[in-house]
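A.B. asks: What follows is the file run.cif, containing mmCIF, C-alpha atoms:
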```cif
data_final
#
loop_
_atom_site.group_PDB
_atom_site.id
_atom_site.type_symbol
_atom_site.label_atom_id
_atom_site.label_comp_id
_atom_site.auth_asym_id
_atom_site.auth_seq_id
_atom_site.Cartn_x
_atom_site.Cartn_y
_atom_site.Cartn_z
ATOM 1 C CA MET A 1 -6.875 16.342 -10.045
ATOM 2 C CA LYS A 2 -3.982 15.239 -7.835
ATOM 3 C CA VAL A 3 -4.108 13.241 -4.612
ATOM 4 C CA ASN A 4 -0.947 12.855 -2.527
ATOM 5 C CA LEU A 5 -0.940 10.607 0.526
ATOM 6 C CA LEU A 6 1.526 12.484 2.757
ATOM 7 C CA TRP A 7 1.604 9.961 5.617
ATOM 8 C CA TYR A 8 -0.469 7.258 7.299
ATOM 9 C CA THR A 9 -0.514 5.091 10.392
ATOM 10 C CA ASP A 10 1.194 1.761 9.803
ATOM 11 C CA PRO A 11 -1.338 -0.806 11.127
ATOM 12 C CA SER A 12 1.475 -3.175 12.139
ATOM 13 C CA ILE A 13 2.643 -0.600 14.726
ATOM 14 C CA ILE A 14 -0.813 -0.595 16.316
ATOM 15 C CA LYS A 15 -1.068 -4.381 16.204
ATOM 16 C CA ARG A 16 2.404 -4.779 17.792
ATOM 17 C CA ALA A 17 1.464 -2.412 20.623
ATOM 18 C CA LEU A 18 -1.627 -4.498 21.367
ATOM 19 C CA GLU A 19 0.127 -7.881 21.156
ATOM 20 C CA ARG A 20 0.978 -8.044 24.843
ATOM 21 C CA PHE A 21 -2.708 -7.958 25.733
ATOM 22 C CA LYS A 22 -3.162 -11.233 23.833
ATOM 23 C CA MET A 23 -6.471 -10.180 22.320
ATOM 24 C CA GLU A 24 -7.702 -10.271 18.757
ATOM 25 C CA PHE A 25 -9.112 -6.970 17.577
ATOM 26 C CA PRO A 26 -11.332 -7.026 14.488
ATOM 27 C CA THR A 27 -10.149 -4.815 11.636
ATOM 28 C CA GLU A 28 -13.361 -2.790 11.935
ATOM 29 C CA LYS A 29 -12.340 -1.671 15.438
ATOM 30 C CA LEU A 30 -8.830 -0.710 14.354
ATOM 31 C CA LYS A 31 -10.096 1.522 11.538
ATOM 32 C CA GLU A 32 -10.635 4.431 13.903
ATOM 33 C CA HIS A 33 -6.962 4.232 14.858
ATOM 34 C CA ILE A 34 -5.467 4.308 11.370
ATOM 35 C CA THR A 35 -5.056 7.882 10.147
ATOM 36 C CA TYR A 36 -4.210 9.296 6.707
ATOM 37 C CA MET A 37 -3.094 12.780 5.733
ATOM 38 C CA PHE A 38 -3.831 13.695 2.118
ATOM 39 C CA GLU A 39 -2.906 16.711 0.037
ATOM 40 C CA ILE A 40 -5.347 17.347 -2.786
ATOM 41 C CA GLU A 41 -4.861 19.689 -5.756
ATOM 42 C CA GLU A 42 -6.782 20.824 -8.814
ATOM 43 C CA ILE A 43 -10.326 20.163 -7.654
ATOM 44 C CA SER A 44 -13.175 22.647 -7.827
ATOM 45 C CA ARG A 45 -14.784 24.437 -4.912
ATOM 46 C CA VAL A 46 -17.992 22.640 -5.903
ATOM 47 C CA THR A 47 -16.312 19.457 -4.745
ATOM 48 C CA THR A 48 -14.680 20.873 -1.607
ATOM 49 C CA HIS A 49 -18.100 22.162 -0.509
ATOM 50 C CA GLN A 50 -19.337 18.571 -0.750
ATOM 51 C CA LEU A 51 -16.212 17.135 0.870
ATOM 52 C CA ILE A 52 -16.210 19.275 4.004
ATOM 53 C CA ARG A 53 -19.741 18.182 4.834
ATOM 54 C CA HIS A 54 -18.006 15.074 6.179
ATOM 55 C CA ARG A 55 -17.202 16.435 9.600
ATOM 56 C CA LEU A 56 -15.025 13.712 11.087
ATOM 57 C CA ALA A 57 -11.938 14.930 9.278
ATOM 58 C CA SER A 58 -9.548 17.880 9.491
ATOM 59 C CA TYR A 59 -9.253 20.305 6.581
ATOM 60 C CA ASP A 60 -7.053 23.230 5.628
ATOM 61 C CA GLN A 61 -7.754 24.802 2.251
ATOM 62 C CA GLU A 62 -5.989 27.369 0.103
ATOM 63 C CA SER A 63 -7.368 30.772 1.040
ATOM 64 C CA GLN A 64 -8.881 32.912 -1.698
ATOM 65 C CA ARG A 65 -8.185 35.977 0.411
ATOM 66 C CA PHE A 66 -4.493 35.618 -0.301
ATOM 67 C CA SER A 67 -3.929 33.371 -3.301
ATOM 68 C CA ALA A 68 -3.825 34.770 -6.806
ATOM 69 C CA ALA A 69 -2.584 32.110 -9.217
ATOM 70 C CA SER A 70 -5.571 29.782 -8.896
ATOM 71 C CA ARG A 71 -7.949 32.417 -10.181
ATOM 72 C CA GLU A 72 -6.786 31.603 -13.686
ATOM 73 C CA SER A 73 -7.606 27.944 -13.402
ATOM 74 C CA PHE A 74 -11.015 26.275 -13.548
ATOM 75 C CA VAL A 75 -12.444 22.757 -13.617
ATOM 76 C CA LEU A 76 -14.284 21.905 -16.814
ATOM 77 C CA PRO A 77 -17.129 19.383 -16.360
ATOM 78 C CA PRO A 78 -17.207 16.772 -19.185
ATOM 79 C CA SER A 79 -20.906 17.451 -19.861
ATOM 80 C CA ILE A 80 -20.020 21.052 -20.739
ATOM 81 C CA GLN A 81 -16.834 20.154 -22.599
ATOM 82 C CA SER A 82 -18.746 17.824 -24.904
ATOM 83 C CA LYS A 83 -21.199 20.514 -26.116
ATOM 84 C CA SER A 84 -19.519 23.290 -28.063
ATOM 85 C CA GLU A 85 -22.321 25.786 -27.456
ATOM 86 C CA ALA A 86 -22.346 25.094 -23.699
ATOM 87 C CA LEU A 87 -18.553 25.335 -23.640
ATOM 88 C CA LYS A 88 -18.717 28.792 -25.213
ATOM 89 C CA ILE A 89 -21.264 29.976 -22.576
ATOM 90 C CA TYR A 90 -19.090 28.497 -19.798
ATOM 91 C CA GLU A 91 -15.878 30.088 -21.038
ATOM 92 C CA ASP A 92 -17.548 33.468 -21.527
ATOM 93 C CA ALA A 93 -18.951 33.362 -17.980
ATOM 94 C CA LEU A 94 -15.557 32.454 -16.475
ATOM 95 C CA LYS A 95 -13.834 35.180 -18.485
ATOM 96 C CA LEU A 96 -16.400 37.726 -17.316
ATOM 97 C CA THR A 97 -16.020 36.783 -13.631
ATOM 98 C CA SER A 98 -12.219 36.850 -13.814
ATOM 99 C CA GLU A 99 -12.229 40.233 -15.531
ATOM 100 C CA SER A 100 -14.794 41.549 -13.038
ATOM 101 C CA PHE A 101 -12.577 40.432 -10.185
ATOM 102 C CA GLU A 102 -9.503 42.142 -11.602
ATOM 103 C CA ARG A 103 -11.411 45.348 -12.381
ATOM 104 C CA MET A 104 -12.774 45.574 -8.847
ATOM 105 C CA VAL A 105 -9.334 44.959 -7.342
ATOM 106 C CA ALA A 106 -7.961 47.701 -9.618
ATOM 107 C CA LEU A 107 -10.650 50.015 -8.189
ATOM 108 C CA GLY A 108 -9.358 49.310 -4.682
ATOM 109 C CA VAL A 109 -11.882 46.658 -3.600
ATOM 110 C CA PRO A 110 -10.093 44.246 -1.216
ATOM 111 C CA LYS A 111 -9.436 40.798 -2.724
ATOM 112 C CA GLU A 112 -11.426 39.213 0.080
ATOM 113 C CA ASP A 113 -14.521 41.104 -1.142
ATOM 114 C CA ALA A 114 -13.833 41.009 -4.886
ATOM 115 C CA ARG A 115 -13.680 37.195 -4.672
ATOM 116 C CA TYR A 116 -17.436 37.098 -4.084
ATOM 117 C CA VAL A 117 -17.796 37.222 -7.850
ATOM 118 C CA MET A 118 -15.631 34.133 -8.427
ATOM 119 C CA PRO A 119 -17.324 30.895 -9.568
ATOM 120 C CA HIS A 120 -17.383 27.484 -7.859
ATOM 121 C CA ALA A 121 -15.447 26.096 -10.829
ATOM 122 C CA ILE A 122 -12.227 27.658 -9.546
ATOM 123 C CA LYS A 123 -9.508 25.114 -8.755
ATOM 124 C CA THR A 124 -8.359 24.814 -5.178
ATOM 125 C CA LYS A 125 -5.909 22.881 -2.980
ATOM 126 C CA LEU A 126 -6.265 21.477 0.509
ATOM 127 C CA VAL A 127 -4.880 19.092 3.089
ATOM 128 C CA MET A 128 -7.194 16.583 4.743
ATOM 129 C CA THR A 129 -6.548 14.260 7.673
ATOM 130 C CA LEU A 130 -8.986 11.499 8.576
ATOM 131 C CA SER A 131 -9.289 7.993 9.977
ATOM 132 C CA ALA A 132 -9.750 4.858 7.900
ATOM 133 C CA TYR A 133 -13.210 4.571 9.446
ATOM 134 C CA SER A 134 -14.147 8.035 8.238
ATOM 135 C CA LEU A 135 -12.631 7.479 4.787
ATOM 136 C CA GLN A 136 -14.569 4.242 4.416
ATOM 137 C CA HIS A 137 -17.801 6.035 5.296
ATOM 138 C CA ILE A 138 -17.079 8.858 2.811
ATOM 139 C CA SER A 139 -16.100 6.291 0.206
ATOM 140 C CA GLU A 140 -19.382 4.400 0.551
ATOM 141 C CA LEU A 141 -21.371 7.586 -0.010
ATOM 142 C CA ARG A 142 -19.249 9.388 -2.563
ATOM 143 C CA THR A 143 -18.236 6.572 -4.897
ATOM 144 C CA ALA A 144 -21.867 5.536 -5.344
ATOM 145 C CA PRO A 145 -23.324 6.057 -8.855
ATOM 146 C CA GLN A 146 -25.541 8.924 -7.652
ATOM 147 C CA ALA A 147 -22.530 10.925 -6.388
ATOM 148 C CA GLN A 148 -21.234 13.693 -8.660
ATOM 149 C CA TRP A 149 -18.444 12.751 -11.045
ATOM 150 C CA GLU A 150 -15.734 14.975 -9.545
ATOM 151 C CA ILE A 151 -16.058 13.911 -5.911
ATOM 152 C CA ARG A 152 -16.454 10.315 -7.089
ATOM 153 C CA GLU A 153 -13.108 10.580 -8.882
ATOM 154 C CA LEU A 154 -11.495 12.264 -5.880
ATOM 155 C CA VAL A 155 -12.683 9.800 -3.259
ATOM 156 C CA THR A 156 -11.816 6.862 -5.508
ATOM 157 C CA LEU A 157 -8.235 8.144 -5.740
ATOM 158 C CA MET A 158 -8.095 8.646 -1.954
ATOM 159 C CA ARG A 159 -9.509 5.198 -1.242
ATOM 160 C CA ASP A 160 -7.126 3.555 -3.741
ATOM 161 C CA ALA A 161 -4.113 5.313 -2.174
ATOM 162 C CA ALA A 162 -5.221 4.261 1.317
ATOM 163 C CA ARG A 163 -5.843 0.694 0.169
ATOM 164 C CA LYS A 164 -2.401 0.490 -1.430
ATOM 165 C CA ALA A 165 -0.687 1.885 1.699
ATOM 166 C CA THR A 166 -2.646 -0.162 4.249
ATOM 167 C CA PRO A 167 -4.076 -3.226 2.442
ATOM 168 C CA SER A 168 -4.807 -5.119 5.678
ATOM 169 C CA ILE A 169 -7.325 -2.457 6.706
ATOM 170 C CA TRP A 170 -9.214 -2.537 3.397
ATOM 171 C CA VAL A 171 -10.044 -6.226 3.050
ATOM 172 C CA MET B 1 -2.721 6.318 35.270
ATOM 173 C CA LYS B 2 0.035 5.851 32.720
ATOM 174 C CA ALA B 3 0.170 6.869 29.046
ATOM 175 C CA SER B 4 2.579 5.729 26.362
ATOM 176 C CA ILE B 5 2.872 6.845 22.756
ATOM 177 C CA VAL B 6 2.159 4.102 20.223
ATOM 178 C CA TRP B 7 2.325 6.210 17.053
ATOM 179 C CA SER B 8 2.477 9.857 16.022
ATOM 180 C CA SER B 9 2.225 11.813 12.786
ATOM 181 C CA PRO B 10 5.749 11.882 11.341
ATOM 182 C CA GLU B 11 7.541 15.199 11.898
ATOM 183 C CA PRO B 12 4.481 16.678 13.671
ATOM 184 C CA GLU B 13 5.727 20.258 13.669
ATOM 185 C CA LYS B 14 6.397 20.089 9.934
ATOM 186 C CA THR B 15 2.960 18.525 9.414
ATOM 187 C CA ILE B 16 1.351 21.521 11.130
ATOM 188 C CA ALA B 17 3.524 23.897 9.105
ATOM 189 C CA ILE B 18 2.439 22.188 5.861
ATOM 190 C CA ALA B 19 -1.225 22.645 6.806
ATOM 191 C CA MET B 20 -0.609 26.287 7.582
ATOM 192 C CA ARG B 21 1.306 27.008 4.389
ATOM 193 C CA ARG B 22 -1.364 25.181 2.350
ATOM 194 C CA CYS B 23 -3.829 27.883 3.425
ATOM 195 C CA TYR B 24 -1.692 30.790 2.280
ATOM 196 C CA SER B 25 0.342 29.447 -0.616
ATOM 197 C CA THR B 26 -0.613 28.689 -4.207
ATOM 198 C CA LYS B 27 2.444 26.450 -4.675
ATOM 199 C CA PRO B 28 2.270 22.699 -5.234
ATOM 200 C CA ILE B 29 2.881 20.582 -2.144
ATOM 201 C CA GLU B 30 6.363 19.509 -3.264
ATOM 202 C CA GLU B 31 7.514 23.142 -3.280
ATOM 203 C CA ILE B 32 5.917 23.862 0.094
ATOM 204 C CA GLN B 33 7.638 20.829 1.616
ATOM 205 C CA SER B 34 10.963 21.762 0.046
ATOM 206 C CA GLU B 35 10.731 25.337 1.358
ATOM 207 C CA LEU B 36 9.842 24.104 4.839
ATOM 208 C CA ASP B 37 12.795 21.696 4.788
ATOM 209 C CA GLN B 38 15.128 24.527 3.820
ATOM 210 C CA LYS B 39 13.838 26.870 6.529
ATOM 211 C CA GLY B 40 14.001 24.199 9.217
ATOM 212 C CA SER B 41 12.460 23.506 12.595
ATOM 213 C CA GLU B 42 12.762 27.025 14.030
ATOM 214 C CA TYR B 43 10.537 28.283 11.206
ATOM 215 C CA TRP B 44 8.027 25.479 11.823
ATOM 216 C CA LYS B 45 7.903 26.537 15.475
ATOM 217 C CA HIS B 46 7.420 30.151 14.381
ATOM 218 C CA LEU B 47 4.426 29.160 12.215
ATOM 219 C CA ILE B 48 2.895 27.112 15.059
ATOM 220 C CA GLY B 49 3.296 30.113 17.342
ATOM 221 C CA LEU B 50 1.445 32.322 14.835
ATOM 222 C CA ALA B 51 -1.381 29.800 14.492
ATOM 223 C CA LEU B 52 -1.824 29.475 18.242
ATOM 224 C CA ARG B 53 -1.644 33.240 18.732
ATOM 225 C CA ASP B 54 -4.489 33.659 16.226
ATOM 226 C CA LYS B 55 -6.384 30.696 17.728
ATOM 227 C CA SER B 56 -6.224 28.957 14.319
ATOM 228 C CA LEU B 57 -6.305 25.551 15.933
ATOM 229 C CA ASP B 58 -7.511 23.826 12.756
ATOM 230 C CA VAL B 59 -3.915 23.515 11.537
ATOM 231 C CA VAL B 60 -2.767 21.588 14.621
ATOM 232 C CA GLU B 61 -5.509 19.001 14.075
ATOM 233 C CA HIS B 62 -3.226 17.313 11.546
ATOM 234 C CA PHE B 63 -0.820 16.303 14.316
ATOM 235 C CA CYS B 64 -2.341 12.994 15.419
ATOM 236 C CA LEU B 65 -1.364 10.531 18.123
ATOM 237 C CA GLU B 66 -2.205 6.981 19.106
ATOM 238 C CA VAL B 67 -1.754 6.600 22.840
ATOM 239 C CA LEU B 68 -2.071 3.600 25.141
ATOM 240 C CA ILE B 69 -3.578 4.675 28.450
ATOM 241 C CA GLU B 70 -3.550 2.303 31.402
ATOM 242 C CA GLY B 71 -5.505 2.988 34.567
ATOM 243 C CA LEU B 72 -8.276 5.065 32.960
ATOM 244 C CA PRO B 73 -11.675 4.142 34.451
ATOM 245 C CA GLU B 74 -14.484 3.478 31.992
ATOM 246 C CA ASN B 75 -16.670 6.311 33.260
ATOM 247 C CA GLU B 76 -13.830 8.796 32.732
ATOM 248 C CA ALA B 77 -13.125 7.483 29.224
ATOM 249 C CA GLY B 78 -16.845 7.760 28.454
ATOM 250 C CA ARG B 79 -16.946 11.337 29.655
ATOM 251 C CA LEU B 80 -13.949 12.286 27.481
ATOM 252 C CA ALA B 81 -15.510 10.574 24.440
ATOM 253 C CA MET B 82 -18.671 12.596 25.013
ATOM 254 C CA TYR B 83 -16.949 15.968 25.429
ATOM 255 C CA PHE B 84 -14.293 15.533 22.760
ATOM 256 C CA PRO B 85 -15.733 13.841 19.644
ATOM 257 C CA PHE B 86 -12.376 13.777 17.847
ATOM 258 C CA MET B 87 -11.004 11.408 20.530
ATOM 259 C CA ARG B 88 -11.577 7.764 19.687
ATOM 260 C CA PHE B 89 -11.342 4.956 22.237
ATOM 261 C CA LEU B 90 -10.668 1.252 21.762
ATOM 262 C CA LYS B 91 -11.230 -0.665 24.995
ATOM 263 C CA ILE B 92 -8.482 -3.208 25.534
ATOM 264 C CA SER B 93 -9.281 -4.341 29.067
ATOM 265 C CA GLN B 94 -11.074 -3.034 32.148
ATOM 266 C CA ASP B 95 -9.106 0.226 32.397
ATOM 267 C CA VAL B 96 -6.746 0.060 29.391
ATOM 268 C CA TRP B 97 -7.521 2.005 26.216
ATOM 269 C CA LEU B 98 -6.021 2.735 22.850
ATOM 270 C CA VAL B 99 -6.822 6.405 22.340
ATOM 271 C CA SER B 100 -6.645 8.371 19.112
ATOM 272 C CA ILE B 101 -6.290 12.103 19.658
ATOM 273 C CA ASN B 102 -5.148 15.149 17.706
ATOM 274 C CA ALA B 103 -3.189 18.124 19.008
ATOM 275 C CA ARG B 104 -6.178 20.461 18.904
ATOM 276 C CA THR B 105 -8.094 18.218 21.283
ATOM 277 C CA LEU B 106 -4.964 17.917 23.421
ATOM 278 C CA ILE B 107 -4.852 21.717 23.820
ATOM 279 C CA GLU B 108 -8.598 22.176 24.285
ATOM 280 C CA ALA B 109 -9.041 19.252 26.689
ATOM 281 C CA TYR B 110 -6.043 20.293 28.783
ATOM 282 C CA HIS B 111 -7.864 23.514 29.616
ATOM 283 C CA THR B 112 -10.940 21.730 30.977
ATOM 284 C CA PRO B 113 -11.390 20.134 34.398
ATOM 285 C CA GLU B 114 -12.518 16.894 32.723
ATOM 286 C CA GLY B 115 -9.502 16.590 30.447
ATOM 287 C CA LYS B 116 -6.569 18.102 32.271
ATOM 288 C CA GLY B 117 -5.465 14.939 34.113
ATOM 289 C CA VAL B 118 -5.451 12.646 31.083
ATOM 290 C CA MET B 119 -3.923 15.308 28.814
ATOM 291 C CA SER B 120 -1.123 15.872 31.325
ATOM 292 C CA GLU B 121 -0.328 12.152 31.195
ATOM 293 C CA ILE B 122 -0.311 12.218 27.386
ATOM 294 C CA MET B 123 1.989 15.249 27.409
ATOM 295 C CA ALA B 124 4.354 13.476 29.817
ATOM 296 C CA ALA B 125 4.386 10.448 27.500
ATOM 297 C CA MET B 126 5.114 12.686 24.497
ATOM 298 C CA LYS B 127 8.002 14.270 26.336
ATOM 299 C CA LYS B 128 9.364 10.883 27.398
ATOM 300 C CA SER B 129 9.208 9.582 23.816
ATOM 301 C CA ASP B 130 10.479 12.864 22.366
ATOM 302 C CA VAL B 131 7.328 13.270 20.277
ATOM 303 C CA GLY B 132 6.269 16.804 19.360
ATOM 304 C CA SER B 133 8.663 18.424 21.862
ATOM 305 C CA ASP B 134 8.786 21.714 19.964
ATOM 306 C CA PHE B 135 5.013 21.735 19.651
ATOM 307 C CA LEU B 136 4.625 21.179 23.402
ATOM 308 C CA GLN B 137 7.036 24.003 24.105
ATOM 309 C CA VAL B 138 5.164 26.453 21.865
ATOM 310 C CA ALA B 139 1.670 25.345 22.910
ATOM 311 C CA PHE B 140 2.168 24.844 26.622
ATOM 312 C CA GLY B 141 5.328 26.786 27.480
ATOM 313 C CA GLU B 142 6.688 26.035 30.931
ATOM 314 C CA VAL B 143 3.912 23.541 31.662
ATOM 315 C CA ALA B 144 5.580 21.226 29.147
ATOM 316 C CA ASN B 145 8.945 21.342 30.924
#
```
If you took the structure in this file and wrote it as structure tokens, what would it be?

C.D. replies:
Amino acid sequence: MKVNLLWYTDPSIIKRALERFKMEFPTEKLKEHITYMFEIEEISRVTTHQLIRHRLASYDQESQRFSAASRESFVLPPSIQSKSEALKIYEDALKLTSESFERMVALGVPKEDARYVMPHAIKTKLVMTLSAYSLQHISELRTAPQAQWEIRELVTLMRDAARKATPSIWV
Amino acid sequence: MKASIVWSSPEPEKTIAIAMRRCYSTKPIEEIQSELDQKGSEYWKHLIGLALRDKSLDVVEHFCLEVLIEGLPENEAGRLAMYFPFMRFLKISQDVWLVSINARTLIEAYHTPEGKGVMSEIMAAMKKSDVGSDFLQVAFGEVAN
């Protein structure tokens, strides 16, 4: 899993612009005006399905209609990795779906239709732009113990990157 | 009414191009950025033109702006907030607002009776500050001149 913070709003720019109005604005109110753009790689489609339920954000994700390389690459959940028998079942299933995809494409089925056989474990990439307010909300929900391990890891990385870039907003 | 640009996504046209290439490329982000740098701003404009032609406005959402708007009555700000949920308003005084907006909302709101006036002011402020000039040219053509 990789999280790149591509750019963000520098809070000091916003605060400087508001200085002439001689008013104090609580950090909570400024959070809607601090924006981050992330690029995220090597997460599963299981997790992106969960992520895009958070609607106050902008997303653009690698298209399976066109991409080929990612079909070889899958996320392996630790609970499966730790059980050799489960790992064998998992690997067999992934091998079967990949082979099924390739065989259908070889028969002339368009990639956009052959991909219906592909599993949620497939790795994907996306860009995501959202406000600090939205990221805080997602963070509260998705870093909780009941959240799934992969999105918890992802959102923790995003929150840590945002906190490092804009510490005054994350007090 | 007067608008001024407080902050914008850095290199907005390249930002949109990155979002667009992310959809269709399997390459890591560093390679996408490097390729876009090599091909330059005319290529970024070309990609924006393709996205707008296909009405793929999701990619322009990544171009974000913080705008100070003076002389915007509260009822008008309220109406915009209701119609365009991606716009966010911080009230500074009676008719002064810090407004967060993305380029998709800018395009969509410009084409509505409720949004056209405010969006025109934001576009004028972008032009004055030389923010997203190529984007304005591709998205709005002669209107942006």

A.B. asks: Calculated over only C-alpha atoms, which of the candidates A:Ile52, A:Ala121, A:Met1, A:Leu130 has the smallest distance to chain B?

C.D. replies: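 Using only C-alpha atoms, the shortest distance to chain B belongs to A:Leu130.
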
A.B. asks: Under the rule that all atoms listed in the file are counted, which of B:Tyr43, B:Glu35, B:Ala3, B:Glu61 is the nearest residue to chain A?

C.D. replies: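 Distance minimum relative to chain A lands on B:Glu61.
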
A.B. asks: Can you translate the PyMOL selection byres ((chain B) within 10 of (chain A)) into the concrete residues it hits in this file, as a PyMOL selection string?

C.D. replies: chain B and resi 5-10+15+18-30+58-68+85-93+96+98-102

A.B. asks: CA of Glu76 in chain B and CA of Val143 in chain B, how far apart in Å?

C.D. replies: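 That distance, rounded to one decimal, is 23.1 Å.
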
A.B. asks: Calculated over only C-alpha atoms, which of the candidates A:Val171, A:Leu107, A:Val117, A:Leu135 has the smallest distance to Leu157 in chain A?

C.D. replies: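 Of A:Val171, A:Leu107, A:Val117, A:Leu135, the one nearest Leu157 in chain A, counting only C-alpha atoms, is A:Leu135.
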
A.B. asks: Quote the spacing between CA of Ala125 in chain B and CA of Glu42 in chain B in Å to one decimal place.

C.D. replies: 22.9 Å

A.B. asks: Which residues, named as in the file, does the PyMOL selection byres ((chain A and resi 83-94) around 12) pick out? Answer as a PDB file with C-alpha atoms, in the frame of the given file.

C.D. replies:
```
ATOM      1  CA  ARG A  71      -7.949  32.417 -10.181  1.00  0.00           C
ATOM      2  CA  GLU A  72      -6.786  31.603 -13.686  1.00  0.00           C
ATOM      3  CA  SER A  73      -7.606  27.944 -13.402  1.00  0.00           C
ATOM      4  CA  PHE A  74     -11.015  26.275 -13.548  1.00  0.00           C
ATOM      5  CA  VAL A  75     -12.444  22.757 -13.617  1.00  0.00           C
ATOM      6  CA  LEU A  76     -14.284  21.905 -16.814  1.00  0.00           C
ATOM      7  CA  PRO A  77     -17.129  19.383 -16.360  1.00  0.00           C
ATOM      8  CA  PRO A  78     -17.207  16.772 -19.185  1.00  0.00           C
ATOM      9  CA  SER A  79     -20.906  17.451 -19.861  1.00  0.00           C
ATOM     10  CA  ILE A  80     -20.020  21.052 -20.739  1.00  0.00           C
ATOM     11  CA  GLN A  81     -16.834  20.154 -22.599  1.00  0.00           C
ATOM     12  CA  SER A  82     -18.746  17.824 -24.904  1.00  0.00           C
ATOM     13  CA  LYS A  95     -13.834  35.180 -18.485  1.00  0.00           C
ATOM     14  CA  LEU A  96     -16.400  37.726 -17.316  1.00  0.00           C
ATOM     15  CA  THR A  97     -16.020  36.783 -13.631  1.00  0.00           C
ATOM     16  CA  SER A  98     -12.219  36.850 -13.814  1.00  0.00           C
ATOM     17  CA  GLU A  99     -12.229  40.233 -15.531  1.00  0.00           C
ATOM     18  CA  SER A 100     -14.794  41.549 -13.038  1.00  0.00           C
ATOM     19  CA  PHE A 101     -12.577  40.432 -10.185  1.00  0.00           C
ATOM     20  CA  VAL A 117     -17.796  37.222  -7.850  1.00  0.00           C
ATOM     21  CA  MET A 118     -15.631  34.133  -8.427  1.00  0.00           C
ATOM     22  CA  PRO A 119     -17.324  30.895  -9.568  1.00  0.00           C
ATOM     23  CA  HIS A 120     -17.383  27.484  -7.859  1.00  0.00           C
ATOM     24  CA  ALA A 121     -15.447  26.096 -10.829  1.00  0.00           C
ATOM     25  CA  ILE A 122     -12.227  27.658  -9.546  1.00  0.00           C
TER      26      ILE A 122
END
```

A.B. asks: The centre and edge lengths of an axis-aligned box containing all atoms of range 57-62 of chain A present in the file, extended by 5 Å on each side, are to be given in Å to one decimal, as AutoDock Vina command-line options.

C.D. replies:
```
--center_x -9.0 --center_y 21.1 --center_z 4.8 --size_x 15.9 --size_y 22.4 --size_z 19.4
```

A.B. asks: Report, in Å with one decimal, the straight-line distance from CA of His49 in chain A to CA of Gln148 in chain A.

C.D. replies: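 About the pair CA of His49 in chain A and CA of Gln148 in chain A: they are 12.2 Å apart.
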
A.B. asks: Taking the structure I provided as the source, export range 82-91 of chain B with N, CA, C and O atoms, as a PDB file, in the first residue's frame.

C.D. replies:
```
ATOM      1  N   MET B  82     -27.064  25.333  -1.202  1.00  0.00           N
ATOM      2  CA  MET B  82     -28.105  24.301  -1.326  1.00  0.00           C
ATOM      3  C   MET B  82     -28.001  23.575  -2.677  1.00  0.00           C
ATOM      4  O   MET B  82     -28.083  22.357  -2.749  1.00  0.00           O
ATOM      5  N   TYR B  83     -27.792  24.343  -3.740  1.00  0.00           N
ATOM      6  CA  TYR B  83     -27.758  23.743  -5.078  1.00  0.00           C
ATOM      7  C   TYR B  83     -26.454  23.003  -5.366  1.00  0.00           C
ATOM      8  O   TYR B  83     -26.435  22.057  -6.150  1.00  0.00           O
ATOM      9  N   PHE B  84     -25.373  23.486  -4.784  1.00  0.00           N
ATOM     10  CA  PHE B  84     -24.051  22.954  -5.149  1.00  0.00           C
ATOM     11  C   PHE B  84     -23.329  22.470  -3.888  1.00  0.00           C
ATOM     12  O   PHE B  84     -22.558  23.216  -3.277  1.00  0.00           O
ATOM     13  N   PRO B  85     -23.573  21.206  -3.490  1.00  0.00           N
ATOM     14  CA  PRO B  85     -23.058  20.727  -2.199  1.00  0.00           C
ATOM     15  C   PRO B  85     -21.536  20.682  -2.099  1.00  0.00           C
ATOM     16  O   PRO B  85     -21.009  20.605  -0.987  1.00  0.00           O
ATOM     17  N   PHE B  86     -20.831  20.740  -3.221  1.00  0.00           N
ATOM     18  CA  PHE B  86     -19.369  20.732  -3.142  1.00  0.00           C
ATOM     19  C   PHE B  86     -18.818  22.133  -2.859  1.00  0.00           C
ATOM     20  O   PHE B  86     -17.627  22.289  -2.626  1.00  0.00           O
ATOM     21  N   MET B  87     -19.672  23.163  -2.901  1.00  0.00           N
ATOM     22  CA  MET B  87     -19.223  24.505  -2.487  1.00  0.00           C
ATOM     23  C   MET B  87     -19.334  24.595  -0.976  1.00  0.00           C
ATOM     24  O   MET B  87     -20.299  24.126  -0.390  1.00  0.00           O
ATOM     25  N   ARG B  88     -18.311  25.170  -0.354  1.00  0.00           N
ATOM     26  CA  ARG B  88     -18.354  25.329   1.102  1.00  0.00           C
ATOM     27  C   ARG B  88     -18.150  26.808   1.431  1.00  0.00           C
ATOM     28  O   ARG B  88     -17.292  27.467   0.828  1.00  0.00           O
ATOM     29  N   PHE B  89     -18.918  27.308   2.376  1.00  0.00           N
ATOM     30  CA  PHE B  89     -18.935  28.740   2.674  1.00  0.00           C
ATOM     31  C   PHE B  89     -18.533  28.992   4.122  1.00  0.00           C
ATOM     32  O   PHE B  89     -19.095  28.384   5.023  1.00  0.00           O
ATOM     33  N   LEU B  90     -17.588  29.905   4.314  1.00  0.00           N
ATOM     34  CA  LEU B  90     -17.266  30.392   5.655  1.00  0.00           C
ATOM     35  C   LEU B  90     -17.649  31.872   5.690  1.00  0.00           C
ATOM     36  O   LEU B  90     -17.087  32.690   4.938  1.00  0.00           O
ATOM     37  N   LYS B  91     -18.617  32.201   6.553  1.00  0.00           N
ATOM     38  CA  LYS B  91     -19.072  33.589   6.635  1.00  0.00           C
ATOM     39  C   LYS B  91     -18.043  34.417   7.404  1.00  0.00           C
ATOM     40  O   LYS B  91     -17.684  34.077   8.530  1.00  0.00           O
TER      41      LYS B  91
END
```
